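> Take a look at this one; I'll ask things after.
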Amino acid sequence: MNILIRTAAERETLFIALYKSVFPSVARYINKMGGSFDEAKDIFQDALVIYYEKTAASAVSVNSNEKVYLIGISKHLWLRKFKDNNHTTPIDGFDITIAADEDQPSESKLMHFLETAGKKCMELLRSFYYDQLPLADAAKLFGFSGVRSATVQKYKCLEKVRETIKERSLTYEDFLN
């Protein structure tokens, strides 16, 4: 569509129609992503400006639905805004300490179920998760033929623990102090 050949009245009618048909979808998306109604209006108006500039400059030809194009621009703008805001949000006002009365997983209960996988599994899992030993080094340390073998064995160890938990129908609460 060549937006420049339209008269001002036709452009206004087009923008009103786009606003009525597309804005509700954009507002729902931004609301779902944690944004406000005002933020949705700002994002959508920016998307309309970008749409107008790109079509006026013939930089883009909207072969698909204008609605889909505007929603895409709006999502991109929101994600960019969210990413930018996420990097600049100060954490001074947040309390990130864990209260003593909050339920914490019991280390002894966790260790008990990890031990059900066997001593060698415990050592492998500890070296990988706790000591953060690369799998290539773990493969050499435990005598595996290669990284792939160590990966498979680590998976099997985790599956043993999962099966034990599943057999006993345990939930997260069963691991709390």
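Following the order of the structure tokens, first chain is A, next is B, and so on, with residues numbered from 1 inside each chain and ligands from 1 in the order they appear.
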Excluding region 66-77 of chain A and any residue of its chain fewer than 6 positions from it, enumerate the residues within 12 Å of it, using only C-alpha atoms, and give them as a VMD selection string.

chain A and resid 1 14 to 15 17 to 33 35 39 to 52 54 to 55 60 83 to 84

> Could you state the separation of CA of Lys120 (chain A) and CA of Ala150 (chain A) in Å, given to one decimal place?

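Between CA of Lys120 (chain A) and CA of Ala150 (chain A) the gap works out to 11.8 Å.
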
> Just give me the gap between CA of Lys160 (chain A) and CA of Arg126 (chain A) in Å, one decimal is fine.

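A separation of 15.0 Å between them.
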
> With distances taken over only C-alpha atoms, which of A:Thr116, A:Asn65, A:Gln132, A:Ser149 is nearest to Glu163 (chain A)?

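Of the candidates, the smallest distance to Glu163 (chain A) is held by A:Thr116.
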
> Residues at most 9 Å from Leu158 (chain A), counting only C-alpha atoms, excluding those fewer than 4 positions away in the same chain, as a tab-separated table (two decimals) with N, CA, C and O atoms, in the first residue's frame?


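Output saved as selection24.tsv:
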```tsv
chain	number	residue	atom	x	y	z
A	114	LEU	N	19.47	-38.39	46.98
A	114	LEU	CA	20.59	-38.46	46.04
A	114	LEU	C	21.41	-39.71	46.29
A	114	LEU	O	21.93	-40.33	45.37
A	117	ALA	N	20.85	-43.21	44.58
A	117	ALA	CA	21.39	-43.49	43.25
A	117	ALA	C	22.72	-44.25	43.33
A	117	ALA	O	23.18	-44.78	42.32
A	121	CYS	N	27.31	-42.50	41.56
A	121	CYS	CA	26.42	-41.45	41.04
A	121	CYS	C	26.53	-40.19	41.89
A	121	CYS	O	26.58	-39.08	41.36
A	125	LEU	N	27.56	-36.67	40.31
A	125	LEU	CA	26.67	-35.51	40.39
A	125	LEU	C	27.31	-34.38	41.20
A	125	LEU	O	27.19	-33.21	40.84
A	153	GLN	N	25.84	-41.22	31.70
A	153	GLN	CA	25.86	-41.72	33.07
A	153	GLN	C	25.24	-40.70	34.04
A	153	GLN	O	24.50	-41.06	34.94
A	154	LYS	N	25.53	-39.42	33.83
A	154	LYS	CA	24.94	-38.37	34.66
A	154	LYS	C	23.42	-38.39	34.51
A	154	LYS	O	22.68	-38.31	35.49
A	162	ARG	N	15.07	-39.54	40.23
A	162	ARG	CA	13.70	-39.20	39.83
A	162	ARG	C	12.76	-40.38	40.05
A	162	ARG	O	11.62	-40.21	40.51
A	163	GLU	N	13.20	-41.56	39.67
A	163	GLU	CA	12.37	-42.76	39.83
A	163	GLU	C	12.07	-43.03	41.30
A	163	GLU	O	10.95	-43.37	41.65
```
